[in-house]
There are 2 protein chains.
Amino acid sequence: MTLTEPPRVVIEDVTPTVDAGRYPLKLPVGSTLDVAANVFRDGHDLVAARVVYLAPGEPQWRSAPLVYDFNPDRWYGSFRVEEVGRWHYGIEAWPDHFGTWRSELEKRIQGGQDVRPELLVGSLLLERYAGLLRGEVAEHVRALAQTLASEDEPLAERLRAARDETLAFEVYGPLEPAELARSPLYELSVDRPEATFAAWYELFPRSQSATPGVHGTFADTARRLPEIAALGFDVVYLPPIHPIGVTHRKGKNNAPTAEPGDVGSPWGIGSSAGGHTAVHPELGTLEDFEHLVTSAKDLGLEIALDIAFQCSPDHPWVKEHPEWFFIRPDGTIRYAENPPKKYEDIYPLNFWCKDREAMWNACRDVFLFWVEHGVKTFRVDNPHTKPFAFWEWVLREVQTAHPDTVFLSESFTRPNRMKALAKLGFNQSYTYFTWKNSASELRDYFRELTSPPMTSYYRPNCFTNTPDILHEYLQHGGRPAFRARLVLAATLSPLYGIYSGFELCEGTPVRPGSEEYKDSEKYQLVTRDFNAPGNLKHDIARLNRIRRENVALQTLPNLEFVRSDYDGVLAYRRFAPGNEILVVVNLDPHATHETMIDVPVDRMGLGENEAYEVFDLLGGSRWVWRGRRNYVKLDPTERVAHVFRVIRRG
Amino acid sequence: MTLTEPPRVVIEDVTPTVDAGRYPLKLPVGSTLDVAANVFRDGHDLVAARVVYLAPGEPQWRSAPLVYDFNPDRWYGSFRVEEVGRWHYGIEAWPDHFGTWRSELEKRIQGGQDVRPELLVGSLLLERYAGLLRGEVAEHVRALAQTLASEDEPLAERLRAARDETLAFEVYGPLEPAELARSPLYELSVDRPEATFAAWYELFPRSQSATPGVHGTFADTARRLPEIAALGFDVVYLPPIHPIGVTHRKGKNNAPTAEPGDVGSPWGIGSSAGGHTAVHPELGTLEDFEHLVTSAKDLGLEIALDIAFQCSPDHPWVKEHPEWFFIRPDGTIRYAENPPKKYEDIYPLNFWCKDREAMWNACRDVFLFWVEHGVKTFRVDNPHTKPFAFWEWVLREVQTAHPDTVFLSESFTRPNRMKALAKLGFNQSYTYFTWKNSASELRDYFRELTSPPMTSYYRPNCFTNTPDILHEYLQHGGRPAFRARLVLAATLSPLYGIYSGFELCEGTPVRPGSEEYKDSEKYQLVTRDFNAPGNLKHDIARLNRIRRENVALQTLPNLEFVRSDYDGVLAYRRFAPGNEILVVVNLDPHATHETMIDVPVDRMGLGENEAYEVFDLLGGSRWVWRGRRNYVKLDPTERVAHVFRVIRRG
């Protein structure tokens with residue numbers, strides 16, 4: 001045992017990490033981080049390892065031991081994160097001199113050797129450990145060291161000292177700093193529960209007036225909140241509420257020119273009335289907005305704002321900071337383009353302009369302004385069109401000051417770019433869910449979303465629809481299609497959302513082949529009767545209640561798809577200790593299908609021939625099933641899905 | 001397009017690498033390295049990427065373009081390694097200004113826009129590229145820039161210039177150094193072909209005398225070489241050839257005390273006749289050894305030496321450098337122990353002693369000494385009991401001077417430690433192959449060995465047996481078991497070996513339950529009649545020839561297991577362009593089995609109902625099969641396996 005050598009313990013393949021520590025890992029508060037690592041060294045001696053972790057704002061690192069699992073040759077440990085904010089963790093390992101000594105001692109005893117010389121070696125070792133310790137523990141270790149060395153004591157007594165049960169805990173750690181091998185330190189972003197489990201409802205405040213043709217207000221919106229709360233939603237998300245520009249304003253159905261009276265797109269941000277820190281005068285005042293936020297809070301709801309860093313030509317920044325935009329050779333400001341399309345009502349910001357620092361600070365201050373006015377959740381518009389470096393900076397700036405802020409990345413682009421934004425700090429991300437409609441598409445996509453590495457950093461928020469996306473499945477499938485997609489979103493993902501009108505099965509596109517709505521709210525006021533026949537409010541309220549009452553639906557990774565003989569009926573299991581949910585959805589909105597499904601009874605802890613109950617939390621029916629193969633039949637005119645709770649009998 | 005911004009292109013998830021570049025990747029000379037990476041940026045502009053690589057000793061980096069594969073959103077490229085030694089490679093990426101401009105130009109044209117302003121923008125861009133170029137290329141680009149800008153030219157002419165076919169190649173690269181994003185640089189260890197494809201034969205020179213009881217010599221060994229060459233082996237590996245200690249020498253069958261005349265273990269290295277750079281006097285002289293090396297070379301064989309860094313108490317280093325060993329409190333040198341076992345004939349070296357530098361240099365010089373005497377391949381004994389840091393240093397020291405040296409790690413320990421040694425630089429590694437005897441064990445293990453990440457750094461050398469390992473499958477299975485294991489080793493792994501006596505089906509253990517041989521050659525001379533009835537020389541010669549004639553058997557990753565209805569008949573496919581091998585082995589040495597196997601005709605390029613020939617390269621028979629399901633029957637008393645070449649008809 002040479003103690004002066006450099007660290008010889010290797011720490012490899014620490015999991016979970018995001019890109020080997022380049023980005024923070026994400027976890028909801030109250031959960032447990034299970035870490036693992038390969039820890040080993042050359043030679044025959046034992047090693048020991050622990051996970052060290054630091055809570056936000058705490059001065060002192062804590063640690064938990066790692067335990068070796070011989071097969072598959074890996075070490076495991078865990079700790080609980082009980083506070084929101086940035087944590088840090090890492091792995092430490094060292095040669096386990098005491099463990100090696102004690103293990104060899106037992107082998108020598110079994111081999112019939114005279115172990116008295118070894119007891120002297122052990123005594124010297126314990127003296128060294130005692131020198132590192134303090135108080136009663138040091139005294140205890142020193143006393144045992146003396147007993148080990150004492151030739152006056154009977155051998156049995158000396159061996160009892162060597163085998164002292166508390167000893168291994170007391171001398172747990174390296175004997176010298178140089179012996180300690182350390183992994184890099186990893187960041188861990190711990191979010192409040194709503195960052196990982198919530199139902200979102202998107203509405204345009206200007207459409208909330210009860211009178212057709214009259215511009216809705218924050219007050220009108222506040223009046224709708226009790227209904228939304230009663231449906232079981234958690235977050236009410238508003239498209240931009242800022243003053244809307246008039247220059248090159250778009251007309252109804254995205255007409256190039258607005259007619260008099262056209263209200264324009266809320267994403268054409270900024271007018272003489274103000275920019276990103278002002279509210280559109282027709283919606284009310286900042287005080288009215290604050291009242292809306294308070295009313296929501298009283299109902300257990302949260303208001304989320306849409307932040308789109310782009311400006312209408314009338315935005316105050318255009319006059320005050322023309323250098324924040326792209327200047328053309330002729331001195332004019334460049335409007336947005338996606339050749340051959342032109343967006344003359346939008347000026348993109350130049351995030352790499354010379355006055356970058358002031359501009360980035362101004363953007364950060366937009367978030368801070370709304371935080372001060374009670375908003376803690378932001379849906380960020382098209383973040384992939386702004387620099388990654390900006391997001392990494394601004395999210396950290398805001399969350400350092402306000403750890404409970406939540407950012408949703410509204411990015412629909414290639415996978416690596418959507419993933420990069422999640423890694424850079426967005427707490428939640430939009431998904432391709434709207435475009436995954438067949439059983440195999442849903443299976444492939446949700447397997448990726450609910451497995452490592454994506455679970456370490458990507459939190460899907462599955463919207464059934466958005467003001468930009470009305471999928472043809474909904475256009476052609478009618479009410480059963482809306483019901484099926486609602487069940488899928490609400491039960492496949494702990495975070496999901498609907499955009500206002502979905503509950504009325506609005507499915508008319510602006511033209512065949514388009515995913516844009518006809519008479520889209522993006523460009524005009526829309527008045528709705530939310531109690532119109534055929535509305536899905538009963539389904540929504542029921543599903544949101546089922547989600548709240550079943551923990552299996554509240555976390556992401558616990559998903560297992562279940563085989564059904566007919567592939568058009570999608571079946572999957574979500575599970576948590578004591579809570580088994582089995583969802584069966586008929587994906588065909590036009591026809592009844594019956595099929596056998598293969599319930600994975602073994603993994604549910606049920607016998608192959610055991611009888612059990614399946615209680616349809618959605619429809620209220622109850623069946624007794626037995627074993628693996630069971631029968632389901634779903635007529636989309638009656639019910640599109642079962643959301644079974646599986647209950648062991650007796 | 002702002003060119004003054006910092007690099008905005010992200011390079012992620014470069015493959016292949018070993019632990020993100022911590023260790024070198026391995027590749028045989030003449031092969032192609034296929035690299036891939038995620039390359040992307042924010043915004044709408046295109047990016048471009050290339051792999052850059054540096055051959056050993058060359059001053060100039062070369063590059064090859066990466067090509068984007070939209071689905072699954074990844075970039076791919078490759079380069080050929082045509083020289084043995086340490087290469088380096090990395091990924092570079094940059095904003096593709098010209099590509100973006102040209103792509104948008106086409107969209108504008110399709111959208112019916114007046115593109116003349118854009119042609120001026122493009123002209124300025126090309127002028128900037130031209131400024132970075134030289135000679136004719138610069139002139140060409142500048143000329144095109146002028147055409148683009150020329151309002152005298154017809155528009156069609158100017159567009160023709162924009163679409164010039166060679167232009168994209170000429171302006172391929174970043175416009176400014178700051179735009180270039182770079183991955184880390186990765187090391188690539190390129191070995192000579194024999195490092196990855198070879199058949200090994202292990203023999204004890206002292207047992208090569210034709211006369212029982214007479215100590216064999218290098219000259220006796222040289223006389224056996226033509227037979228070994230005729231069997232198709234490539235490497236003849238010798239256990240340590242150094243002088244053997246007398247103090248505490250072990251007797252026959254590992255008896256604690258040697259009888260007079262006992263020859264001792266070759267791993268008890270060192271006596272008054274010398275240490276690691278001497279030869280055992282009874283084997284001959286260093287000149288005799290050199291003659292053996294030359295004789296081997298003349299036959300296309302290579303001599304591999306066993307290097308075991310441990311000393312008998314009689315090793316010269318014990319007297320000259322007692323400080324290189326572990327000193328006990330009483331001043332004596334510590335012998336090896338694995339409590340309760342004691343190995344008093346072996347002194348382990350203390351690699352972290354104070355005189356570490358001299359001791360490590362001495363060990364390095366052992367390798368260099370034998371390299372000077374013609375040895376380029378070393379089997380290293382128990383490397384996991386010496387520091388990882390030592391191996392990383394010494395292998396690099398030797399291979400920097402002699403890039404064609406090959407090191408085989410003889411380590412049988414937990415998986416992560418075996419893998420660590422491979423990562424640190426060992427070109428080849430022993431495996432758990434001897435302990436994998438059922439179909440499922442073989443499938444699981446070889447799937448891991450032939451898939452990433454192991455293929456990036458771990459080269460299995462599958463020995464059927466070693467002087468330490470006689471598996472019970474061989475003890476109880478008789479000749480059919482030996483034949484089956486031979487086929488498995490030779491066709492599952494490009495590197496395989498047998499230890500002398502295997503070809504005679506020697507299968508008697510020292511005692512029931514032991515994997516040690518009875519009357520093991522490790523402790524005594526053994527005389528064999530290699531032409532004894534039942535020998536496997538025909539099988540061996542045939543298999544080694546099949547390996548040489550079929551490229552599918554020469555690389556590791558091209559393995560696919562094939563379903564057979566009866567699991568005790570293992571079937572697998574090895575494939576290379578134009579070379580389809582299908583191996584079927586009856587793993588039961590005691591009984592005939594017949595089964596249907598599912599030939600993966602689709603992946604072999606055969607139709608579902610197409611007829612094809614299977615020619616048994618081992619047995620010489622030929623059948624016409626059709627489609628997927630085909631019948632095999634193997635009677636172990638006649639043949640244990642088919643090694644089919646699959647041949648398309650007509």
# chains A, B, ... in the order shown; residues from 1 in each chain; ligands from 1

$ interface_residues --of "chain A" --to "chain B" --cutoff "9 Å" --atoms "only C-alpha atoms" --output "number ranges by chain"
A: 1-2, 4-6, 8, 12-13, 19-20, 38-44, 70, 72-74, 104-113, 326, 338-341, 350, 352-353, 383-389, 414-417

$ residues_around --residues "A:Pro226" --least-positions-apart "6" --cutoff "12 Å" --atoms "only C-alpha atoms" --output "list in words"
Asp220, Gly232, Phe233, Asp234, Val236, Leu292, Ser295, Ala296, Lys297, Asp298, Leu299, Gly300 and Leu301 of chain A

$ write_last_selection --atoms "N, CA and C atoms" --output "mmCIF file, in the first residue's frame"
data_model
loop_
_atom_site.group_PDB
_atom_site.id
_atom_site.type_symbol
_atom_site.label_atom_id
_atom_site.label_comp_id
_atom_site.auth_asym_id
_atom_site.auth_seq_id
_atom_site.Cartn_x
_atom_site.Cartn_y
_atom_site.Cartn_z
ATOM 1 N N ASP A 220 -62.156 40.984 -20.110
ATOM 2 C CA ASP A 220 -62.923 39.880 -20.708
ATOM 3 C C ASP A 220 -62.216 38.552 -20.450
ATOM 4 N N GLY A 232 -59.608 22.329 -15.573
ATOM 5 C CA GLY A 232 -58.426 21.662 -15.016
ATOM 6 C C GLY A 232 -57.112 22.113 -15.607
ATOM 7 N N PHE A 233 -57.107 23.230 -16.332
ATOM 8 C CA PHE A 233 -55.833 23.708 -16.868
ATOM 9 C C PHE A 233 -55.006 24.371 -15.774
ATOM 10 N N ASP A 234 -53.695 24.457 -16.058
ATOM 11 C CA ASP A 234 -52.768 25.061 -15.094
ATOM 12 C C ASP A 234 -52.199 26.376 -15.596
ATOM 13 N N VAL A 236 -52.445 29.516 -18.561
ATOM 14 C CA VAL A 236 -53.150 30.195 -19.651
ATOM 15 C C VAL A 236 -52.122 31.020 -20.402
ATOM 16 N N LEU A 292 -55.471 40.677 -14.219
ATOM 17 C CA LEU A 292 -55.648 39.362 -14.853
ATOM 18 C C LEU A 292 -54.731 38.329 -14.200
ATOM 19 N N SER A 295 -56.088 37.509 -10.777
ATOM 20 C CA SER A 295 -57.301 36.685 -10.861
ATOM 21 C C SER A 295 -56.929 35.243 -11.167
ATOM 22 N N ALA A 296 -55.974 35.080 -12.076
ATOM 23 C CA ALA A 296 -55.539 33.726 -12.438
ATOM 24 C C ALA A 296 -54.966 33.029 -11.211
ATOM 25 N N LYS A 297 -54.078 33.708 -10.519
ATOM 26 C CA LYS A 297 -53.437 33.124 -9.342
ATOM 27 C C LYS A 297 -54.488 32.657 -8.338
ATOM 28 N N ASP A 298 -55.520 33.471 -8.156
ATOM 29 C CA ASP A 298 -56.571 33.118 -7.192
ATOM 30 C C ASP A 298 -57.279 31.821 -7.581
ATOM 31 N N LEU A 299 -57.273 31.536 -8.882
ATOM 32 C CA LEU A 299 -57.943 30.314 -9.362
ATOM 33 C C LEU A 299 -56.961 29.157 -9.529
ATOM 34 N N GLY A 300 -55.719 29.346 -9.087
ATOM 35 C CA GLY A 300 -54.715 28.287 -9.269
ATOM 36 C C GLY A 300 -54.181 28.236 -10.671
ATOM 37 N N LEU A 301 -54.382 29.306 -11.414
ATOM 38 C CA LEU A 301 -53.885 29.355 -12.788
ATOM 39 C C LEU A 301 -52.669 30.264 -12.866
#

$ atom_distance --atom1 "atom CA of A:Ser514" --atom2 "atom CA of A:Trp435"
13.3 Å

$ closest_residue --among "A:Glu187, A:Glu118, A:Glu503, A:Asp345" --to "A:Leu54" --atoms "only C-alpha atoms"
A:Glu187

$ select_by_dssp --residues "stretch 417-545 of chain A" --states "strand (DSSP E or B)" --output "JSON, numbers by chain"
{"A": [428, 429, 460, 461, 462, 463, 466, 469, 495, 496, 497, 498, 499, 509, 517]}

$ closest_residue --among "A:Asp519, A:Gly501, A:Pro205, A:Gly620" --to "A:Ala532" --atoms "only C-alpha atoms"
A:Gly501

$ atom_distance --atom1 "atom CA of B:Val81" --atom2 "atom CA of B:Pro174"
26.0 Å

$ residues_around --residues "stretch 436-445 of chain A" --least-positions-apart "2" --cutoff "8 Å" --atoms "only C-alpha atoms" --output "list in words"
Tyr432, Phe433, Thr434, Arg447, Glu448, Leu449, Tyr473, Phe561, Asp567, Gly568, Val569, Leu570 and Leu587 of chain A

$ closest_residue --among "A:Gln524, A:Ser183, A:Thr147, A:Thr166" --to "A:Ile91" --atoms "only C-alpha atoms"
A:Ser183

$ decode --residues "stretch 168-192 of chain A" --atoms "N, CA and C atoms" --output "compact mmCIF listing (two decimals), in the first residue's frame"
# COMPACT_ATOMS: atom_id res chain seq x y z
N ALA A 168 -16.25 1.13 9.14
CA ALA A 168 -16.17 1.38 7.70
C ALA A 168 -16.77 2.74 7.34
N PHE A 169 -17.81 3.15 8.07
CA PHE A 169 -18.42 4.46 7.80
C PHE A 169 -17.52 5.58 8.30
N GLU A 170 -16.88 5.33 9.44
CA GLU A 170 -16.08 6.38 10.06
C GLU A 170 -14.82 6.69 9.27
N VAL A 171 -14.25 5.68 8.63
CA VAL A 171 -13.00 5.92 7.90
C VAL A 171 -13.26 5.97 6.40
N TYR A 172 -14.49 6.35 6.02
CA TYR A 172 -14.89 6.38 4.61
C TYR A 172 -14.35 7.65 3.96
N GLY A 173 -13.35 7.51 3.13
CA GLY A 173 -12.78 8.69 2.46
C GLY A 173 -11.31 8.47 2.19
N PRO A 174 -10.71 9.36 1.41
CA PRO A 174 -9.31 9.20 1.05
C PRO A 174 -8.40 9.51 2.24
N LEU A 175 -7.25 8.89 2.26
CA LEU A 175 -6.29 9.16 3.33
C LEU A 175 -5.47 10.41 3.03
N GLU A 176 -5.31 10.71 1.75
CA GLU A 176 -4.54 11.89 1.38
C GLU A 176 -5.26 12.58 0.23
N PRO A 177 -5.21 13.90 0.18
CA PRO A 177 -5.90 14.62 -0.91
C PRO A 177 -5.47 14.11 -2.28
N ALA A 178 -4.18 13.77 -2.43
CA ALA A 178 -3.68 13.37 -3.74
C ALA A 178 -4.30 12.06 -4.21
N GLU A 179 -4.88 11.31 -3.28
CA GLU A 179 -5.47 10.03 -3.67
C GLU A 179 -6.84 10.18 -4.32
N LEU A 180 -7.43 11.35 -4.14
CA LEU A 180 -8.82 11.53 -4.56
C LEU A 180 -8.90 11.79 -6.06
N ALA A 181 -9.61 10.92 -6.75
CA ALA A 181 -9.89 11.18 -8.17
C ALA A 181 -11.25 11.85 -8.27
N ARG A 182 -11.36 12.81 -9.17
CA ARG A 182 -12.60 13.58 -9.28
C ARG A 182 -13.07 13.61 -10.73
N SER A 183 -14.36 13.42 -10.93
CA SER A 183 -14.94 13.66 -12.25
C SER A 183 -15.06 15.16 -12.42
N PRO A 184 -15.35 15.65 -13.63
CA PRO A 184 -15.73 17.06 -13.74
C PRO A 184 -16.98 17.30 -12.89
N LEU A 185 -17.25 18.55 -12.60
CA LEU A 185 -18.50 18.88 -11.91
C LEU A 185 -19.57 19.17 -12.96
N TYR A 186 -20.76 18.70 -12.70
CA TYR A 186 -21.86 18.85 -13.65
C TYR A 186 -22.93 19.76 -13.05
N GLU A 187 -23.54 20.55 -13.90
CA GLU A 187 -24.64 21.41 -13.47
C GLU A 187 -25.96 20.67 -13.55
N LEU A 188 -26.85 21.02 -12.68
CA LEU A 188 -28.16 20.38 -12.61
C LEU A 188 -29.18 21.48 -12.38
N SER A 189 -30.06 21.64 -13.33
CA SER A 189 -31.06 22.70 -13.24
C SER A 189 -32.34 22.10 -12.65
N VAL A 190 -32.69 22.53 -11.47
CA VAL A 190 -33.87 21.98 -10.78
C VAL A 190 -35.03 22.97 -10.87
N ASP A 191 -36.11 22.51 -11.46
CA ASP A 191 -37.26 23.37 -11.74
C ASP A 191 -38.40 23.13 -10.78
N ARG A 192 -39.26 24.11 -10.71
CA ARG A 192 -40.49 23.91 -9.93
C ARG A 192 -41.39 22.90 -10.65
